[in-house]
>>> print(open('coords_26.pdb').read())   # PDB, C-alpha atoms
ATOM      1  CA  MET A  26      -3.174  -2.187   4.506  1.00  0.00           C
ATOM      2  CA  VAL A  27      -0.146  -4.470   4.089  1.00  0.00           C
ATOM      3  CA  ASP A  28       2.952  -3.005   2.454  1.00  0.00           C
ATOM      4  CA  SER A  29       6.168  -4.887   1.700  1.00  0.00           C
ATOM      5  CA  PHE A  30       7.559  -3.969   5.126  1.00  0.00           C
ATOM      6  CA  LEU A  31       4.606  -5.510   6.967  1.00  0.00           C
ATOM      7  CA  ALA A  32       4.523  -8.456   4.552  1.00  0.00           C
ATOM      8  CA  ARG A  33       8.098  -9.184   5.504  1.00  0.00           C
ATOM      9  CA  VAL A  34       7.258  -8.986   9.207  1.00  0.00           C
ATOM     10  CA  LEU A  35       4.370 -11.429   8.719  1.00  0.00           C
ATOM     11  CA  ALA A  36       6.573 -13.827   6.737  1.00  0.00           C
ATOM     12  CA  GLU A  37       9.242 -13.674   9.454  1.00  0.00           C
ATOM     13  CA  LEU A  38       6.649 -14.365  12.152  1.00  0.00           C
ATOM     14  CA  ALA A  39       5.461 -17.436  10.251  1.00  0.00           C
ATOM     15  CA  ALA A  40       9.071 -18.561   9.765  1.00  0.00           C
ATOM     16  CA  GLY A  41       9.660 -18.085  13.497  1.00  0.00           C
ATOM     17  CA  ALA A  42       6.644 -20.231  14.284  1.00  0.00           C
ATOM     18  CA  ARG A  43       7.986 -22.930  11.949  1.00  0.00           C
ATOM     19  CA  LEU A  44      11.232 -23.010  13.923  1.00  0.00           C
ATOM     20  CA  LEU A  45       9.143 -23.955  16.934  1.00  0.00           C
ATOM     21  CA  ALA A  46       7.502 -26.720  14.906  1.00  0.00           C
ATOM     22  CA  ALA A  47       4.281 -24.705  14.853  1.00  0.00           C
ATOM     23  CA  GLN A  48       2.281 -23.735  11.818  1.00  0.00           C
ATOM     24  CA  ALA A  49       0.977 -20.189  11.354  1.00  0.00           C
ATOM     25  CA  VAL A  50      -2.092 -19.326   9.324  1.00  0.00           C
ATOM     26  CA  LEU A  51      -2.923 -15.731   8.438  1.00  0.00           C
ATOM     27  CA  VAL A  52      -6.642 -15.101   8.758  1.00  0.00           C
ATOM     28  CA  GLY A  53      -8.918 -12.184   8.002  1.00  0.00           C
ATOM     29  CA  MET A  54      -7.209 -10.423   5.128  1.00  0.00           C
ATOM     30  CA  ARG A  55      -9.600  -8.082   3.364  1.00  0.00           C
ATOM     31  CA  PRO A  56     -10.193  -8.705  -0.352  1.00  0.00           C
ATOM     32  CA  SER A  57      -8.839  -5.264  -1.272  1.00  0.00           C
ATOM     33  CA  VAL A  58      -5.653  -5.961   0.687  1.00  0.00           C
ATOM     34  CA  ALA A  59      -5.181  -9.333  -1.040  1.00  0.00           C
ATOM     35  CA  ILE A  60      -5.660  -7.743  -4.481  1.00  0.00           C
ATOM     36  CA  THR A  61      -3.183  -4.970  -3.645  1.00  0.00           C
ATOM     37  CA  LEU A  62      -0.580  -7.439  -2.341  1.00  0.00           C
ATOM     38  CA  VAL A  63      -0.714  -9.471  -5.539  1.00  0.00           C
ATOM     39  CA  GLU A  64      -0.312  -6.370  -7.719  1.00  0.00           C
ATOM     40  CA  LEU A  65       2.512  -5.214  -5.523  1.00  0.00           C
ATOM     41  CA  GLY A  66       4.165  -8.529  -6.405  1.00  0.00           C
ATOM     42  CA  LEU A  67       4.038 -10.073  -2.958  1.00  0.00           C
ATOM     43  CA  ALA A  68       2.499 -13.524  -3.118  1.00  0.00           C
ATOM     44  CA  LEU A  69       3.585 -14.248   0.481  1.00  0.00           C
ATOM     45  CA  PRO A  70       5.217 -17.610  -0.228  1.00  0.00           C
ATOM     46  CA  GLY A  71       5.432 -19.787   2.836  1.00  0.00           C
ATOM     47  CA  LEU A  72       2.607 -17.942   4.536  1.00  0.00           C
ATOM     48  CA  ASP A  73      -0.537 -19.989   4.842  1.00  0.00           C
ATOM     49  CA  THR A  74      -3.806 -18.072   4.655  1.00  0.00           C
ATOM     50  CA  ALA A  75      -7.435 -18.838   5.394  1.00  0.00           C
ATOM     51  CA  ARG A  76     -10.624 -16.810   5.154  1.00  0.00           C
ATOM     52  CA  THR A  77     -11.871 -17.549   8.643  1.00  0.00           C
ATOM     53  CA  VAL A  78     -10.547 -18.884  11.924  1.00  0.00           C
ATOM     54  CA  SER A  79     -12.870 -21.887  11.552  1.00  0.00           C
ATOM     55  CA  GLU A  80     -11.448 -22.626   8.119  1.00  0.00           C
ATOM     56  CA  ALA A  81      -7.895 -22.411   9.493  1.00  0.00           C
ATOM     57  CA  ALA A  82      -8.753 -24.653  12.444  1.00  0.00           C
ATOM     58  CA  ALA A  83     -10.361 -27.183  10.103  1.00  0.00           C
ATOM     59  CA  ARG A  84      -6.945 -27.707   8.481  1.00  0.00           C
ATOM     60  CA  PHE A  85      -5.707 -28.979  11.817  1.00  0.00           C
ATOM     61  CA  GLY A  86      -8.723 -31.227  12.195  1.00  0.00           C
ATOM     62  CA  ILE A  87     -10.454 -28.960  14.689  1.00  0.00           C
ATOM     63  CA  GLU A  88     -14.061 -28.003  14.209  1.00  0.00           C
ATOM     64  CA  ILE A  89     -15.205 -24.592  15.444  1.00  0.00           C
ATOM     65  CA  ARG A  90     -18.945 -24.065  15.387  1.00  0.00           C
ATOM     66  CA  ASP A  91     -19.911 -20.498  14.597  1.00  0.00           C
ATOM     67  CA  THR A  92     -22.672 -19.426  16.926  1.00  0.00           C
ATOM     68  CA  ALA A  93     -22.744 -15.775  15.941  1.00  0.00           C
ATOM     69  CA  PRO A  94     -21.738 -14.011  12.730  1.00  0.00           C
ATOM     70  CA  ARG A  95     -18.251 -12.627  13.170  1.00  0.00           C
ATOM     71  CA  THR A  96     -17.708 -10.330  10.242  1.00  0.00           C
ATOM     72  CA  ALA A  97     -14.471  -8.926  11.673  1.00  0.00           C
ATOM     73  CA  ALA A  98     -12.759 -12.304  11.476  1.00  0.00           C
ATOM     74  CA  ARG A  99     -13.955 -12.861   7.946  1.00  0.00           C
ATOM     75  CA  GLY A 100     -11.876 -10.132   6.360  1.00  0.00           C
ATOM     76  CA  THR A 101     -14.849  -8.254   5.029  1.00  0.00           C
ATOM     77  CA  ASP A 102     -14.327  -4.992   3.204  1.00  0.00           C
ATOM     78  CA  TRP A 103     -17.385  -3.353   4.616  1.00  0.00           C
ATOM     79  CA  ASN A 104     -16.294  -2.394   8.092  1.00  0.00           C
ATOM     80  CA  GLU A 105     -13.056  -0.638   7.238  1.00  0.00           C
ATOM     81  CA  THR A 106     -12.017   1.669  10.057  1.00  0.00           C
TER      82      THR A 106
ATOM     83  CA  MET B  22      -5.721  19.657 -15.818  1.00  0.00           C
ATOM     84  CA  SER B  23      -6.556  21.934 -12.919  1.00  0.00           C
ATOM     85  CA  THR B  24      -5.333  21.772  -9.383  1.00  0.00           C
ATOM     86  CA  ASP B  25      -7.632  22.359  -6.473  1.00  0.00           C
ATOM     87  CA  GLU B  26      -5.656  24.498  -4.051  1.00  0.00           C
ATOM     88  CA  ARG B  27      -7.878  23.670  -1.094  1.00  0.00           C
ATOM     89  CA  THR B  28      -6.976  20.006  -1.199  1.00  0.00           C
ATOM     90  CA  SER B  29      -3.282  20.364  -1.863  1.00  0.00           C
ATOM     91  CA  PHE B  30      -1.174  19.733   1.187  1.00  0.00           C
ATOM     92  CA  ARG B  31       2.338  18.840   2.161  1.00  0.00           C
ATOM     93  CA  LEU B  32       3.386  16.440   4.898  1.00  0.00           C
ATOM     94  CA  PRO B  33       6.810  15.771   6.381  1.00  0.00           C
ATOM     95  CA  VAL B  34       8.385  12.321   6.043  1.00  0.00           C
ATOM     96  CA  ARG B  35      10.969  12.372   8.798  1.00  0.00           C
ATOM     97  CA  ASN B  36      10.149   9.438  11.076  1.00  0.00           C
ATOM     98  CA  ASP B  37       7.923   6.381  11.540  1.00  0.00           C
ATOM     99  CA  ALA B  38       5.085   8.434  13.012  1.00  0.00           C
ATOM    100  CA  ASP B  39       5.064  10.570   9.848  1.00  0.00           C
ATOM    101  CA  LEU B  40       4.534   7.410   7.780  1.00  0.00           C
ATOM    102  CA  MET B  41       1.361   6.755   9.749  1.00  0.00           C
ATOM    103  CA  THR B  42       0.130  10.299   9.188  1.00  0.00           C
ATOM    104  CA  VAL B  43       0.804  10.022   5.449  1.00  0.00           C
ATOM    105  CA  ARG B  44      -1.178   6.770   5.257  1.00  0.00           C
ATOM    106  CA  GLN B  45      -4.089   8.232   7.228  1.00  0.00           C
ATOM    107  CA  ARG B  46      -4.274  11.451   5.196  1.00  0.00           C
ATOM    108  CA  VAL B  47      -4.047   9.623   1.867  1.00  0.00           C
ATOM    109  CA  ARG B  48      -6.713   7.140   3.005  1.00  0.00           C
ATOM    110  CA  GLY B  49      -8.956  10.006   4.144  1.00  0.00           C
ATOM    111  CA  LEU B  50      -8.571  11.964   0.908  1.00  0.00           C
ATOM    112  CA  SER B  51      -9.238   8.946  -1.317  1.00  0.00           C
ATOM    113  CA  GLN B  52     -12.359   8.169   0.724  1.00  0.00           C
ATOM    114  CA  GLU B  53     -13.568  11.768   0.364  1.00  0.00           C
ATOM    115  CA  GLN B  54     -13.024  11.590  -3.376  1.00  0.00           C
ATOM    116  CA  GLY B  55     -15.131   8.459  -3.652  1.00  0.00           C
ATOM    117  CA  PHE B  56     -12.361   6.056  -4.597  1.00  0.00           C
ATOM    118  CA  GLY B  57     -13.358   2.399  -4.357  1.00  0.00           C
ATOM    119  CA  LEU B  58     -11.950   0.214  -1.600  1.00  0.00           C
ATOM    120  CA  VAL B  59      -9.435  -1.496  -3.866  1.00  0.00           C
ATOM    121  CA  GLN B  60      -8.202   1.837  -5.214  1.00  0.00           C
ATOM    122  CA  GLN B  61      -7.993   3.310  -1.719  1.00  0.00           C
ATOM    123  CA  THR B  62      -5.920   0.345  -0.587  1.00  0.00           C
ATOM    124  CA  LYS B  63      -3.669   0.524  -3.640  1.00  0.00           C
ATOM    125  CA  LEU B  64      -2.979   4.219  -3.150  1.00  0.00           C
ATOM    126  CA  VAL B  65      -2.389   3.925   0.591  1.00  0.00           C
ATOM    127  CA  THR B  66      -0.075   0.955   0.048  1.00  0.00           C
ATOM    128  CA  ALA B  67       1.890   2.798  -2.657  1.00  0.00           C
ATOM    129  CA  ALA B  68       2.092   5.842  -0.367  1.00  0.00           C
ATOM    130  CA  SER B  69       3.419   3.674   2.439  1.00  0.00           C
ATOM    131  CA  GLU B  70       6.078   2.095   0.208  1.00  0.00           C
ATOM    132  CA  LEU B  71       7.224   5.403  -1.245  1.00  0.00           C
ATOM    133  CA  ALA B  72       7.198   7.191   2.105  1.00  0.00           C
ATOM    134  CA  ARG B  73       9.380   4.465   3.563  1.00  0.00           C
ATOM    135  CA  ASN B  74      11.777   4.820   0.620  1.00  0.00           C
ATOM    136  CA  THR B  75      11.936   8.577   1.234  1.00  0.00           C
ATOM    137  CA  LEU B  76      12.711   7.909   4.887  1.00  0.00           C
ATOM    138  CA  ILE B  77      15.191   5.042   4.529  1.00  0.00           C
ATOM    139  CA  HIS B  78      16.954   5.805   1.245  1.00  0.00           C
ATOM    140  CA  GLY B  79      16.450   9.555   1.040  1.00  0.00           C
ATOM    141  CA  GLY B  80      17.157  10.258   4.687  1.00  0.00           C
ATOM    142  CA  GLY B  81      13.733  11.890   5.071  1.00  0.00           C
ATOM    143  CA  GLY B  82      11.907  14.475   3.032  1.00  0.00           C
ATOM    144  CA  SER B  83       8.306  15.380   2.359  1.00  0.00           C
ATOM    145  CA  VAL B  84       5.253  14.462   0.327  1.00  0.00           C
ATOM    146  CA  THR B  85       2.963  16.804  -1.557  1.00  0.00           C
ATOM    147  CA  VAL B  86      -0.578  15.572  -2.140  1.00  0.00           C
ATOM    148  CA  GLU B  87      -2.610  17.157  -4.921  1.00  0.00           C
ATOM    149  CA  LEU B  88      -6.003  16.655  -6.493  1.00  0.00           C
ATOM    150  CA  SER B  89      -6.585  17.073 -10.179  1.00  0.00           C
ATOM    151  CA  THR B  90      -9.335  16.410 -12.694  1.00  0.00           C
ATOM    152  CA  ASP B  91      -9.244  15.345 -16.310  1.00  0.00           C
ATOM    153  CA  GLY B  92     -11.651  15.937 -19.199  1.00  0.00           C
ATOM    154  CA  ASP B  93     -13.609  12.761 -18.499  1.00  0.00           C
ATOM    155  CA  GLY B  94     -14.637  13.908 -15.036  1.00  0.00           C
ATOM    156  CA  ARG B  95     -12.193  11.635 -13.305  1.00  0.00           C
ATOM    157  CA  THR B  96     -10.400  12.731 -10.169  1.00  0.00           C
ATOM    158  CA  GLY B  97      -6.731  12.057  -9.701  1.00  0.00           C
ATOM    159  CA  ILE B  98      -4.698  12.030  -6.519  1.00  0.00           C
ATOM    160  CA  THR B  99      -1.042  12.815  -7.106  1.00  0.00           C
ATOM    161  CA  LEU B 100       1.619  12.117  -4.517  1.00  0.00           C
ATOM    162  CA  VAL B 101       5.067  13.660  -4.913  1.00  0.00           C
ATOM    163  CA  PHE B 102       7.663  12.279  -2.537  1.00  0.00           C
ATOM    164  CA  SER B 103      10.851  14.270  -2.521  1.00  0.00           C
ATOM    165  CA  ASP B 104      14.074  14.029  -0.607  1.00  0.00           C
ATOM    166  CA  GLU B 105      17.551  15.482  -0.713  1.00  0.00           C
ATOM    167  CA  GLY B 106      19.268  12.154  -0.293  1.00  0.00           C
ATOM    168  CA  PRO B 107      21.960  10.443  -2.359  1.00  0.00           C
ATOM    169  CA  GLY B 108      19.733   9.898  -5.409  1.00  0.00           C
ATOM    170  CA  ILE B 109      19.367   6.679  -7.404  1.00  0.00           C
ATOM    171  CA  PRO B 110      22.397   5.858  -9.585  1.00  0.00           C
ATOM    172  CA  ASP B 111      20.571   3.304 -11.763  1.00  0.00           C
ATOM    173  CA  ILE B 112      16.784   3.758 -11.970  1.00  0.00           C
ATOM    174  CA  ALA B 113      16.250   0.711 -14.210  1.00  0.00           C
ATOM    175  CA  LEU B 114      17.992  -1.443 -11.620  1.00  0.00           C
ATOM    176  CA  ALA B 115      16.116   0.153  -8.726  1.00  0.00           C
ATOM    177  CA  LEU B 116      12.829  -0.584 -10.514  1.00  0.00           C
ATOM    178  CA  ARG B 117      13.641  -4.259 -10.929  1.00  0.00           C
ATOM    179  CA  ASP B 118      11.579  -6.651  -8.815  1.00  0.00           C
ATOM    180  CA  GLY B 119      13.585  -8.016  -5.946  1.00  0.00           C
ATOM    181  CA  TYR B 120      16.456  -5.531  -6.152  1.00  0.00           C
ATOM    182  CA  SER B 121      17.160  -3.911  -2.806  1.00  0.00           C
ATOM    183  CA  THR B 122      20.059  -2.000  -1.322  1.00  0.00           C
ATOM    184  CA  ALA B 123      18.534  -2.004   2.148  1.00  0.00           C
ATOM    185  CA  GLY B 124      18.090  -5.738   2.710  1.00  0.00           C
ATOM    186  CA  GLY B 125      14.347  -5.502   2.072  1.00  0.00           C
ATOM    187  CA  LEU B 126      12.167  -7.468  -0.282  1.00  0.00           C
ATOM    188  CA  GLY B 127      12.995  -5.138  -3.168  1.00  0.00           C
ATOM    189  CA  MET B 128       9.359  -4.738  -4.136  1.00  0.00           C
ATOM    190  CA  GLY B 129       8.669  -1.213  -2.883  1.00  0.00           C
ATOM    191  CA  LEU B 130       9.491   0.929  -5.909  1.00  0.00           C
ATOM    192  CA  SER B 131       8.620  -1.614  -8.617  1.00  0.00           C
ATOM    193  CA  GLY B 132       5.448  -2.669  -6.815  1.00  0.00           C
ATOM    194  CA  SER B 133       4.273   0.908  -6.247  1.00  0.00           C
ATOM    195  CA  LYS B 134       4.617   1.540  -9.958  1.00  0.00           C
ATOM    196  CA  ARG B 135       2.172  -1.281 -10.641  1.00  0.00           C
ATOM    197  CA  LEU B 136      -0.307   0.003  -8.066  1.00  0.00           C
ATOM    198  CA  VAL B 137      -0.804   3.451  -9.614  1.00  0.00           C
ATOM    199  CA  ASP B 138      -1.728   4.785 -13.075  1.00  0.00           C
ATOM    200  CA  ASP B 139       1.103   7.285 -13.609  1.00  0.00           C
ATOM    201  CA  PHE B 140       4.540   6.898 -12.106  1.00  0.00           C
ATOM    202  CA  GLU B 141       7.701   8.908 -12.560  1.00  0.00           C
ATOM    203  CA  VAL B 142      11.081   9.013 -10.869  1.00  0.00           C
ATOM    204  CA  GLU B 143      13.332  12.041 -11.149  1.00  0.00           C
ATOM    205  CA  THR B 144      16.681  11.709  -9.511  1.00  0.00           C
ATOM    206  CA  THR B 145      20.045  13.411  -9.506  1.00  0.00           C
ATOM    207  CA  PRO B 146      22.889  11.543  -7.835  1.00  0.00           C
ATOM    208  CA  GLY B 147      24.063  13.560  -4.866  1.00  0.00           C
ATOM    209  CA  GLU B 148      21.090  15.921  -4.924  1.00  0.00           C
ATOM    210  CA  GLY B 149      17.962  13.912  -4.284  1.00  0.00           C
ATOM    211  CA  THR B 150      14.991  12.093  -5.663  1.00  0.00           C
ATOM    212  CA  ALA B 151      11.374  12.963  -6.472  1.00  0.00           C
ATOM    213  CA  VAL B 152       8.877  10.181  -7.094  1.00  0.00           C
ATOM    214  CA  THR B 153       5.515  11.188  -8.566  1.00  0.00           C
ATOM    215  CA  ALA B 154       2.598   8.755  -8.424  1.00  0.00           C
ATOM    216  CA  THR B 155      -0.963   9.418  -9.604  1.00  0.00           C
ATOM    217  CA  LEU B 156      -4.033   7.250  -9.251  1.00  0.00           C
ATOM    218  CA  TRP B 157      -7.232   8.178 -11.097  1.00  0.00           C
ATOM    219  CA  SER B 158     -10.700   7.363  -9.910  1.00  0.00           C
ATOM    220  CA  GLY B 159     -11.992   4.705 -12.249  1.00  0.00           C
ATOM    221  CA  PRO B 160     -15.315   4.772 -14.045  1.00  0.00           C
ATOM    222  CA  PRO B 161     -17.924   3.929 -11.402  1.00  0.00           C
ATOM    223  CA  LEU B 162     -18.881   0.602 -12.958  1.00  0.00           C
ATOM    224  CA  ASN B 163     -19.160  -1.383  -9.793  1.00  0.00           C
ATOM    225  CA  GLY B 164     -17.602   1.141  -7.461  1.00  0.00           C
ATOM    226  CA  ARG B 165     -14.529  -0.853  -6.560  1.00  0.00           C
ATOM    227  CA  ARG B 166     -12.081  -0.936  -9.403  1.00  0.00           C
TER     228      ARG B 166
END
>>> encode(input="coords_26.pdb", output="structure tokens")
Amino acid sequence: MVDSFLARVLAELAAGARLLAAQAVLVGMRPSVAITLVELGLALPGLDTARTVSEAAARFGIEIRDTAPRTAARGTDWNET
Amino acid sequence: MSTDERTSFRLPVRNDADLMTVRQRVRGLSQEQGFGLVQQTKLVTAASELARNTLIHGGGGSVTVELSTDGDGRTGITLVFSDEGPGIPDIALALRDGYSTAGGLGMGLSGSKRLVDDFEVETTPGEGTAVTATLWSGPPLNGRR
């Protein structure tokens, strides 16, 4: 679950990373969380997102080969704790 | 509309730990009632926003959680957050996207309203505020409305 409080924390973290000339990518958000955030009205501007760590790394020109299925990093809705 | 007494409970909203308890209990109840994952997340998120409002703006209070059913066999979860804080002088303004008196994003109250089916704010300046939010279980078309 991401409410506006946590969304703000995430946005501030990304902004902090930018100050250090680094780029932050948020990975692993569950579909239900993404849908809820949009309805809440929080589009998280300035926060880059990707579905998987490999996808995020690919943006920086780094290839990560998946050797085992890692559902936890894929933001699946089916292993909600 | 009938209320099931066994599943009506009241939780304090006095500190950050209480917010966690509210989220967990609301999540648990919506799971028990067969709400889809999107609906569970919407209700828990709305509960988190409203509980934080109760804590920050209302100076703490409590939430009452109730189950109800309608004629179509749907189940509703109603959350009533009440506090004895300063009240909201201008509800229309408080419900505007991006308006905040606490330096936040200003999306809590307006966003919560969009996340649930029924939403009502009752407030008396100087006496307190009660926010009522209800989410109904959708028709089980694909199980995740």
>>> atom_distance(input="coords_26.pdb", atom1="atom CA of Met54 of chain A", atom2="atom CA of Ser121 of chain B")
26.4 Å
>>> resolve_selection(input="coords_26.pdb", expression="the PyMOL selection byres ((chain B and resi 143) around 12)", output="ChimeraX atom specification")
/B:101-105,108-112,140-142,144-146,148-154
>>> resolve_selection(input="coords_26.pdb", expression="the PyMOL selection byres ((chain A) within 12 of (chain B))", output="NGL selection string")
:A and (26-34 or 36-37 or 55-69 or 101-106)
>>> resolve_selection(input="coords_26.pdb", expression="the PyMOL selection byres ((chain A and resi 75) around 8)", output="list in words")
Val50, Leu51, Val52, Gly53, Asp73, Thr74, Arg76, Thr77, Val78, Glu80 and Ala81 of chain A
>>> atom_distance(input="coords_26.pdb", atom1="atom CA of Thr99 of chain B", atom2="atom CA of Gln52 of chain B")
14.5 Å
>>> closest_residue(input="coords_26.pdb", among="B:Gly92, B:Gly82, B:Gly124, B:Gly97", to="Val137 of chain B", atoms="all atoms listed in the file")
B:Gly97
>>> atom_distance(input="coords_26.pdb", atom1="atom CA of Pro33 of chain B", atom2="atom CA of Val84 of chain B")
6.4 Å
>>> axis_aligned_box(input="coords_26.pdb", around="segment 47-54 of chain A", padding_each_side="3 Å", output="AutoDock Vina command-line options")
--center_x -2.3 --center_y -17.6 --center_z 10.0 --size_x 19.2 --size_y 20.3 --size_z 15.7
>>> residues_around(input="coords_26.pdb", residues="Asp91 of chain B", least_positions_apart="2", cutoff="12 Å", atoms="all atoms listed in the file", output="PyMOL selection string")
chain B and resi 22-24+88-89+93-98+156-159
